[in-house]
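The data block below is upload.pdb; it holds PDB, C-alpha atoms.
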ATOM      1  CA  MET H   1     -14.174   2.831  -4.726
ATOM      2  CA  HIS H   2     -16.715   0.057  -5.336
ATOM      3  CA  THR H   3     -16.344  -3.103  -3.236
ATOM      4  CA  ILE H   4     -18.483  -6.116  -2.467
ATOM      5  CA  GLN H   5     -17.960  -7.016   1.168
ATOM      6  CA  LEU H   6     -19.173  -8.720   4.325
ATOM      7  CA  GLY H   7     -22.885  -8.108   4.881
ATOM      8  CA  ASP H   8     -23.734  -7.309   1.237
ATOM      9  CA  GLN H   9     -26.594  -9.129  -0.475
ATOM     10  CA  GLY H  10     -27.961  -9.522  -3.981
ATOM     11  CA  GLU H  11     -27.132 -10.632  -7.496
ATOM     12  CA  ALA H  12     -23.673  -9.058  -7.491
ATOM     13  CA  VAL H  13     -22.777 -11.227  -4.487
ATOM     14  CA  ARG H  14     -24.228 -14.315  -6.181
ATOM     15  CA  ALA H  15     -22.180 -13.620  -9.311
ATOM     16  CA  LEU H  16     -19.079 -13.228  -7.142
ATOM     17  CA  GLN H  17     -19.790 -16.506  -5.347
ATOM     18  CA  THR H  18     -20.303 -18.312  -8.654
ATOM     19  CA  ALA H  19     -17.024 -16.956 -10.043
ATOM     20  CA  LEU H  20     -15.153 -17.949  -6.881
ATOM     21  CA  GLN H  21     -16.613 -21.463  -7.079
ATOM     22  CA  ALA H  22     -15.502 -21.775 -10.708
ATOM     23  CA  ALA H  23     -12.019 -20.530  -9.795
ATOM     24  CA  GLY H  24     -11.626 -23.286  -7.195
ATOM     25  CA  PHE H  25     -12.429 -21.240  -4.086
ATOM     26  CA  PRO H  26     -15.864 -22.468  -2.924
ATOM     27  CA  PRO H  27     -17.670 -19.889  -0.773
ATOM     28  CA  GLY H  28     -20.346 -22.253   0.517
ATOM     29  CA  LEU H  29     -23.935 -21.665  -0.581
ATOM     30  CA  LEU H  30     -24.384 -19.595  -3.734
ATOM     31  CA  ASP H  31     -27.116 -17.655  -2.018
ATOM     32  CA  GLY H  32     -26.265 -14.024  -2.684
ATOM     33  CA  GLU H  33     -25.344 -13.487   0.990
ATOM     34  CA  PHE H  34     -21.774 -12.253   1.618
ATOM     35  CA  GLY H  35     -20.969 -14.108   4.819
ATOM     36  CA  ALA H  36     -17.848 -15.510   6.448
ATOM     37  CA  GLY H  37     -17.513 -18.305   3.869
ATOM     38  CA  THR H  38     -17.524 -15.863   0.975
ATOM     39  CA  GLU H  39     -15.063 -13.592   2.760
ATOM     40  CA  ALA H  40     -12.667 -16.505   3.304
ATOM     41  CA  ALA H  41     -13.013 -17.570  -0.340
ATOM     42  CA  VAL H  42     -12.286 -14.021  -1.558
ATOM     43  CA  LEU H  43      -9.233 -13.797   0.696
ATOM     44  CA  GLY H  44      -7.925 -17.148  -0.527
ATOM     45  CA  TYR H  45      -8.420 -16.142  -4.136
ATOM     46  CA  GLN H  46      -6.742 -12.765  -3.609
ATOM     47  CA  ARG H  47      -3.682 -14.398  -2.077
ATOM     48  CA  SER H  48      -3.469 -16.956  -4.874
ATOM     49  CA  GLN H  49      -3.578 -14.195  -7.491
ATOM     50  CA  ARG H  50      -1.282 -11.856  -5.561
ATOM     51  CA  ILE H  51      -3.934  -9.163  -5.516
ATOM     52  CA  THR H  52      -2.306  -5.992  -4.150
ATOM     53  CA  LEU H  53      -4.801  -5.565  -1.315
ATOM     54  CA  ALA H  54      -5.808  -8.999   0.024
ATOM     55  CA  ASP H  55      -8.453  -8.111   2.583
ATOM     56  CA  GLY H  56     -11.435 -10.386   1.883
ATOM     57  CA  ARG H  57     -13.331  -7.592   0.135
ATOM     58  CA  ALA H  58     -13.914  -7.777  -3.623
ATOM     59  CA  GLY H  59     -12.753  -4.459  -5.035
ATOM     60  CA  PRO H  60     -12.097  -3.570  -8.686
ATOM     61  CA  GLU H  61      -8.809  -5.492  -8.944
ATOM     62  CA  THR H  62     -10.400  -8.671  -7.587
ATOM     63  CA  LEU H  63     -13.530  -8.282  -9.712
ATOM     64  CA  ARG H  64     -11.471  -7.798 -12.852
ATOM     65  CA  ALA H  65      -9.337 -10.853 -12.051
ATOM     66  CA  LEU H  66     -12.548 -12.893 -11.769
ATOM     67  CA  HIS H  67     -13.803 -11.379 -15.059
ATOM     68  CA  LEU H  68     -16.702  -9.708 -13.302
ATOM     69  CA  PRO H  69     -17.997  -6.240 -14.248
ATOM     70  CA  VAL H  70     -16.879  -3.178 -12.321
ATOM     71  CA  PRO H  71     -19.486  -0.376 -12.498
ATOM     72  CA  LEU H  72     -17.800   2.590 -14.166
ATOM     73  CA  SER H  73     -19.827   5.014 -12.098
ATOM     74  CA  SER H  74     -18.205   3.677  -8.944
ATOM     75  CA  LEU H  75     -14.623   4.212 -10.046
ATOM     76  CA  ALA H  76     -12.730   7.384  -9.261
ATOM     77  CA  PRO H  77     -11.255   8.957 -12.432
ATOM     78  CA  SER H  78      -7.683   7.922 -13.103
ATOM     79  CA  ALA H  79      -5.004  10.564 -12.706
ATOM     80  CA  ILE H  80      -2.094   8.265 -13.577
ATOM     81  CA  GLU H  81      -1.144  10.084 -16.767
ATOM     82  CA  ARG H  82      -1.236  13.473 -15.027
ATOM     83  CA  PHE H  83       1.571  12.510 -12.633
ATOM     84  CA  ASP H  84       4.376  12.514 -15.170
ATOM     85  CA  VAL H  85       8.109  12.808 -14.522
ATOM     86  CA  GLN H  86       8.030  16.616 -14.696
ATOM     87  CA  VAL H  87       5.280  16.927 -12.070
ATOM     88  CA  VAL H  88       6.872  14.387  -9.732
ATOM     89  CA  ALA H  89      10.277  16.058 -10.108
ATOM     90  CA  ARG H  90       8.720  19.244  -8.716
ATOM     91  CA  MET H  91       7.352  17.249  -5.780
ATOM     92  CA  PHE H  92      10.857  15.854  -5.127
ATOM     93  CA  PRO H  93      13.219  18.841  -5.458
ATOM     94  CA  SER H  94      16.224  16.973  -4.043
ATOM     95  CA  ALA H  95      15.750  13.695  -5.903
ATOM     96  CA  PRO H  96      17.956  12.859  -8.904
ATOM     97  CA  LEU H  97      15.865  12.968 -12.068
ATOM     98  CA  ALA H  98      17.228   9.545 -13.026
ATOM     99  CA  HIS H  99      15.644   8.040  -9.904
ATOM    100  CA  ILE H 100      12.232   9.438 -10.812
ATOM    101  CA  GLN H 101      12.543   8.235 -14.386
ATOM    102  CA  THR H 102      13.545   4.769 -13.187
ATOM    103  CA  TYR H 103      11.146   4.198 -10.316
ATOM    104  CA  LEU H 104       8.021   6.232 -11.107
ATOM    105  CA  PRO H 105       6.686   3.666 -13.620
ATOM    106  CA  TYR H 106       6.764   0.974 -10.906
ATOM    107  CA  VAL H 107       4.849   3.197  -8.484
ATOM    108  CA  LEU H 108       2.216   4.214 -11.027
ATOM    109  CA  ASP H 109       1.741   0.611 -12.119
ATOM    110  CA  ALA H 110       1.209  -0.542  -8.528
ATOM    111  CA  MET H 111      -1.243   2.310  -7.937
ATOM    112  CA  GLN H 112      -3.499   1.232 -10.813
ATOM    113  CA  VAL H 113      -5.770  -0.195  -8.096
ATOM    114  CA  MET H 114      -6.209   3.305  -6.618
ATOM    115  CA  PRO H 115      -5.485   5.559  -9.606
ATOM    116  CA  ASP H 116      -7.253   8.721  -8.519
ATOM    117  CA  ARG H 117      -5.583  12.002  -7.603
ATOM    118  CA  THR H 118      -6.050  11.682  -3.830
ATOM    119  CA  MET H 119      -4.441   8.261  -3.507
ATOM    120  CA  LEU H 120      -1.631   9.101  -5.939
ATOM    121  CA  LEU H 121      -0.842  12.206  -3.912
ATOM    122  CA  MET H 122      -0.845  10.023  -0.807
ATOM    123  CA  ALA H 123       1.563   7.510  -2.324
ATOM    124  CA  LEU H 124       3.980  10.091  -3.673
ATOM    125  CA  ALA H 125       3.917  12.283  -0.568
ATOM    126  CA  THR H 126       4.611   9.174   1.524
ATOM    127  CA  ILE H 127       7.657   8.395  -0.600
ATOM    128  CA  ARG H 128       8.863  11.990  -0.181
ATOM    129  CA  ALA H 129       8.583  11.656   3.602
ATOM    130  CA  GLU H 130      10.274   8.249   3.724
ATOM    131  CA  THR H 131      12.902   8.528   0.980
ATOM    132  CA  ALA H 132      13.433  12.010  -0.403
ATOM    133  CA  GLY H 133      15.657  10.623  -3.171
ATOM    134  CA  PHE H 134      12.744   8.711  -4.735
ATOM    135  CA  GLU H 135      14.240   5.253  -4.503
ATOM    136  CA  PRO H 136      13.566   2.235  -2.259
ATOM    137  CA  ILE H 137      16.150   2.282   0.521
ATOM    138  CA  ASP H 138      17.246   0.652   3.762
ATOM    139  CA  GLU H 139      16.542   2.558   6.954
ATOM    140  CA  GLY H 140      19.678   4.235   8.255
ATOM    141  CA  VAL H 141      21.117   3.938  11.750
ATOM    142  CA  SER H 142      19.855   6.695  14.054
ATOM    143  CA  ARG H 143      19.290   7.424  17.725
ATOM    144  CA  TYR H 144      15.720   6.170  17.270
ATOM    145  CA  ASN H 145      16.807   2.626  16.381
ATOM    146  CA  THR H 146      20.306   2.235  17.855
ATOM    147  CA  SER H 147      21.527   2.796  21.418
ATOM    148  CA  PRO H 148      24.742   4.821  22.028
ATOM    149  CA  ARG H 149      26.973   1.770  22.500
ATOM    150  CA  GLY H 150      24.800  -0.890  20.961
ATOM    151  CA  HIS H 151      24.914  -2.766  17.674
ATOM    152  CA  ALA H 152      22.976  -1.362  14.741
ATOM    153  CA  PHE H 153      19.189  -1.450  15.222
ATOM    154  CA  ASP H 154      19.434  -2.955  18.714
ATOM    155  CA  LEU H 155      16.500  -0.799  19.860
ATOM    156  CA  TYR H 156      14.325  -2.728  17.405
ATOM    157  CA  ASP H 157      15.493  -6.194  18.490
ATOM    158  CA  ASN H 158      12.919  -6.622  21.258
ATOM    159  CA  ARG H 159      10.087  -4.525  19.824
ATOM    160  CA  HIS H 160       7.317  -7.058  20.404
ATOM    161  CA  ASP H 161       4.806  -4.678  18.833
ATOM    162  CA  LEU H 162       6.747  -5.241  15.602
ATOM    163  CA  GLY H 163       6.847  -8.996  16.138
ATOM    164  CA  ASN H 164      10.602  -8.981  16.698
ATOM    165  CA  ARG H 165      12.098 -11.752  18.818
ATOM    166  CA  GLY H 166      15.504 -10.392  19.768
ATOM    167  CA  ALA H 167      18.754  -9.997  17.861
ATOM    168  CA  PRO H 168      19.238  -9.951  14.928
ATOM    169  CA  ASP H 169      15.581  -9.160  14.148
ATOM    170  CA  GLY H 170      16.122  -5.417  14.529
ATOM    171  CA  ALA H 171      18.674  -5.313  11.723
ATOM    172  CA  SER H 172      17.051  -8.040   9.639
ATOM    173  CA  TYR H 173      13.641  -6.385   9.628
ATOM    174  CA  ARG H 174      14.698  -2.743   9.610
ATOM    175  CA  GLY H 175      12.751  -0.310   7.440
ATOM    176  CA  ARG H 176      12.953  -0.934   3.697
ATOM    177  CA  GLY H 177      11.344   0.149   0.474
ATOM    178  CA  PHE H 178       9.310   3.222  -0.391
ATOM    179  CA  VAL H 179       7.150   2.935   2.721
ATOM    180  CA  GLN H 180       9.889   1.708   5.080
ATOM    181  CA  LEU H 181       8.283  -1.603   5.984
ATOM    182  CA  THR H 182       9.548  -2.413   9.493
ATOM    183  CA  GLY H 183       9.396  -5.401  11.856
ATOM    184  CA  ARG H 184       9.118  -9.170  11.501
ATOM    185  CA  LEU H 185       5.328  -8.979  11.850
ATOM    186  CA  ASN H 186       4.969  -6.717   8.811
ATOM    187  CA  TYR H 187       7.435  -8.686   6.715
ATOM    188  CA  VAL H 188       5.484 -11.879   7.409
ATOM    189  CA  LEU H 189       2.073 -10.247   6.922
ATOM    190  CA  TYR H 190       2.762  -8.360   3.713
ATOM    191  CA  GLY H 191       4.996 -11.067   2.335
ATOM    192  CA  GLY H 192       2.088 -13.487   2.654
ATOM    193  CA  ARG H 193      -0.350 -11.085   1.067
ATOM    194  CA  LEU H 194       1.909 -10.387  -1.899
ATOM    195  CA  GLY H 195       3.167 -13.939  -2.253
ATOM    196  CA  LEU H 196       6.756 -12.963  -1.444
ATOM    197  CA  PRO H 197       9.204 -14.691   0.957
ATOM    198  CA  LEU H 198       9.958 -11.451   2.775
ATOM    199  CA  ALA H 199      10.428 -13.103   6.153
ATOM    200  CA  GLU H 200      13.232 -15.250   4.719
ATOM    201  CA  GLN H 201      14.596 -12.664   2.285
ATOM    202  CA  PRO H 202      13.730  -9.218   3.708
ATOM    203  CA  GLU H 203      16.007  -7.486   1.192
ATOM    204  CA  LEU H 204      13.395  -8.260  -1.485
ATOM    205  CA  ALA H 205      11.369  -5.335  -0.096
ATOM    206  CA  ASN H 206      13.829  -2.983  -1.815
ATOM    207  CA  LEU H 207      13.344  -4.382  -5.316
ATOM    208  CA  PRO H 208      11.430  -1.705  -7.264
ATOM    209  CA  ARG H 209       8.362  -3.727  -8.214
ATOM    210  CA  HIS H 210       8.003  -5.212  -4.734
ATOM    211  CA  ALA H 211       8.621  -1.865  -3.035
ATOM    212  CA  ALA H 212       5.904  -0.246  -5.138
ATOM    213  CA  ARG H 213       3.407  -3.049  -4.459
ATOM    214  CA  LEU H 214       4.135  -2.867  -0.740
ATOM    215  CA  LEU H 215       3.504   0.880  -0.805
ATOM    216  CA  ALA H 216       0.164   0.427  -2.585
ATOM    217  CA  CYS H 217      -0.860  -2.407  -0.276
ATOM    218  CA  PHE H 218       0.074  -0.519   2.887
ATOM    219  CA  ILE H 219      -1.766   2.618   1.801
ATOM    220  CA  GLY H 220      -4.719   0.577   0.596
ATOM    221  CA  ASP H 221      -5.157  -0.847   4.074
ATOM    222  CA  HIS H 222      -6.012   2.665   5.270
ATOM    223  CA  GLU H 223      -7.772   3.918   2.142
ATOM    224  CA  ARG H 224     -11.111   4.852   3.685
ATOM    225  CA  ALA H 225      -9.569   6.667   6.627
ATOM    226  CA  ILE H 226      -7.070   8.444   4.357
ATOM    227  CA  ARG H 227      -9.840   9.689   2.097
ATOM    228  CA  GLN H 228     -11.758  10.972   5.107
ATOM    229  CA  ALA H 229      -8.688  12.753   6.485
ATOM    230  CA  VAL H 230      -8.027  14.410   3.127
ATOM    231  CA  GLN H 231     -11.657  15.441   2.878
ATOM    232  CA  ASP H 232     -11.248  17.032   6.311
ATOM    233  CA  ASN H 233      -8.066  18.786   5.105
ATOM    234  CA  ASP H 234      -6.143  16.921   7.810
ATOM    235  CA  LEU H 235      -2.792  15.902   6.310
ATOM    236  CA  ARG H 236      -1.370  15.194   9.760
ATOM    237  CA  THR H 237      -3.866  12.377  10.253
ATOM    238  CA  ALA H 238      -3.321  11.102   6.712
ATOM    239  CA  ARG H 239       0.412  10.870   7.429
ATOM    240  CA  ARG H 240      -0.133   9.231  10.818
ATOM    241  CA  LEU H 241      -2.306   6.522   9.275
ATOM    242  CA  VAL H 242       0.724   5.228   7.361
ATOM    243  CA  ASN H 243       3.652   6.258   9.561
ATOM    244  CA  GLY H 244       2.048   5.923  12.977
ATOM    245  CA  GLY H 245       3.299   9.390  13.938
ATOM    246  CA  SER H 246       4.271  12.729  12.471
ATOM    247  CA  HIS H 247       7.819  11.893  11.328
ATOM    248  CA  GLY H 248       8.389  13.467   7.913
ATOM    249  CA  LEU H 249       5.161  15.462   8.078
ATOM    250  CA  GLU H 250       6.734  18.660   6.722
ATOM    251  CA  ALA H 251       8.143  16.896   3.657
ATOM    252  CA  PHE H 252       4.882  14.960   3.221
ATOM    253  CA  ALA H 253       2.784  18.142   3.300
ATOM    254  CA  ASP H 254       5.171  20.005   0.995
ATOM    255  CA  ALA H 255       5.040  17.263  -1.643
ATOM    256  CA  TRP H 256       1.257  17.060  -1.323
ATOM    257  CA  ARG H 257       0.747  20.787  -1.856
ATOM    258  CA  ILE H 258       3.099  20.905  -4.841
ATOM    259  CA  GLY H 259       1.373  17.930  -6.442
ATOM    260  CA  GLU H 260      -2.021  19.411  -5.668
ATOM    261  CA  ALA H 261      -1.015  22.639  -7.430
ATOM    262  CA  TYR H 262       0.350  20.967 -10.551
ATOM    263  CA  VAL H 263      -2.426  18.369 -10.800
ATOM    264  CA  PRO H 264      -5.625  20.296 -10.076
ATOM    265  CA  ASP H 265      -8.753  18.397  -9.139
ATOM    266  CA  ALA H 266     -10.431  17.210 -12.329
ATOM    267  CA  ASP H 267     -13.808  18.113 -10.815
TER
END
Would you put the structure from the file into structure tokens?
Amino acid sequence: MHTIQLGDQGEAVRALQTALQAAGFPPGLLDGEFGAGTEAAVLGYQRSQRITLADGRAGPETLRALHLPVPLSSLAPSAIERFDVQVVARMFPSAPLAHIQTYLPYVLDAMQVMPDRTMLLMALATIRAETAGFEPIDEGVSRYNTSPRGHAFDLYDNRHDLGNRGAPDGASYRGRGFVQLTGRLNYVLYGGRLGLPLAEQPELANLPRHAARLLACFIGDHERAIRQAVQDNDLRTARRLVNGGSHGLEAFADAWRIGEAYVPDAD
């Protein structure tokens, strides 16, 4: 997918800099050189506009928001309309149809920034692995997050890799949503990027629109690596890029293959 990013040069960068300046996010010199000042200005603008993926790179969503052209040749063909309720129901054999009818529109809307078949398969297969019922949910108590005689989620309380600071952080920042966002660090990070007070109100991650945006944002962070893994026919790596391991891999792969069969590659 087309992006203008750190190190790029030329008239497209100059046009981006000019648009950022006009929007109130001065990038420094309007010199056609995408340096640190332009990156900071893009990031500031993305956060102000609640761009799904706020990463300092100007992709299609950012360019459109700034009323700049997005070269059609650079955009992957949209497959949004091909993933209808009937197709997704086949990918989620145990999910109530009402859940798919209710929540699929939120997911497809959030994925408008990555509307091609590969990334839609990634989003939907991730949901299948994380919440087979196709609804944003709280993580349940299990032996992986709760000790035999401990309080719920006590094994998360002191997970410094998740940014947790002791009880009750484990329970407060347990997995939520379609992607099971977990840990104080992620709630702060993605809350800031989406303009949501997730650190103060973590339960917001389960609201359908927010859950779908979090899913798209989280997947978007790994977009390039995911595309490479799929190209290499390596679904295990694609799953690990989002989950960090192989939990739910069987369900993920099953949903992917069903979706792949019912939505053949347009090429």
Could you list the residues chosen by the PyMOL selection byres ((chain H and resi 260) around 12) in this structure as an NGL selection string?
:H and (79 or 82-83 or 87-88 or 90-91 or 117-122 or 124-125 or 230 or 253-259 or 261-266)
Answer key for the PyMOL selection byres ((chain H and resi 12-21) around 9), residues as a PyMOL selection string
chain H and resi 4-5+8-11+22-34+38+41-42+45+58+63+66-68
Residues selected by the PyMOL selection byres ((chain H and resi 177) around 12), written as JSON, numbers by chain
{"H": [103, 107, 126, 127, 130, 131, 133, 134, 135, 136, 137, 138, 139, 173, 174, 175, 176, 178, 179, 180, 181, 182, 187, 198, 202, 203, 204, 205, 206, 207, 208, 209, 210, 211, 212, 213, 214, 215, 216, 218]}
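Taking CA of Ser246 in chain H and CA of Gln101 in chain H as the two end points, the separation is 28.5 Å.
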Using all atoms listed in the file, can you list as a ChimeraX atom specification the residues within 10 Å of (0.8, 17.4, 12.1)?
/H:234-240,245-250,253
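With distances taken over all atoms listed in the file, H:Phe153 is the one residue among H:Tyr106, H:Phe153, H:Asn243, H:Gly192 lying closest to Gly140 in chain H.
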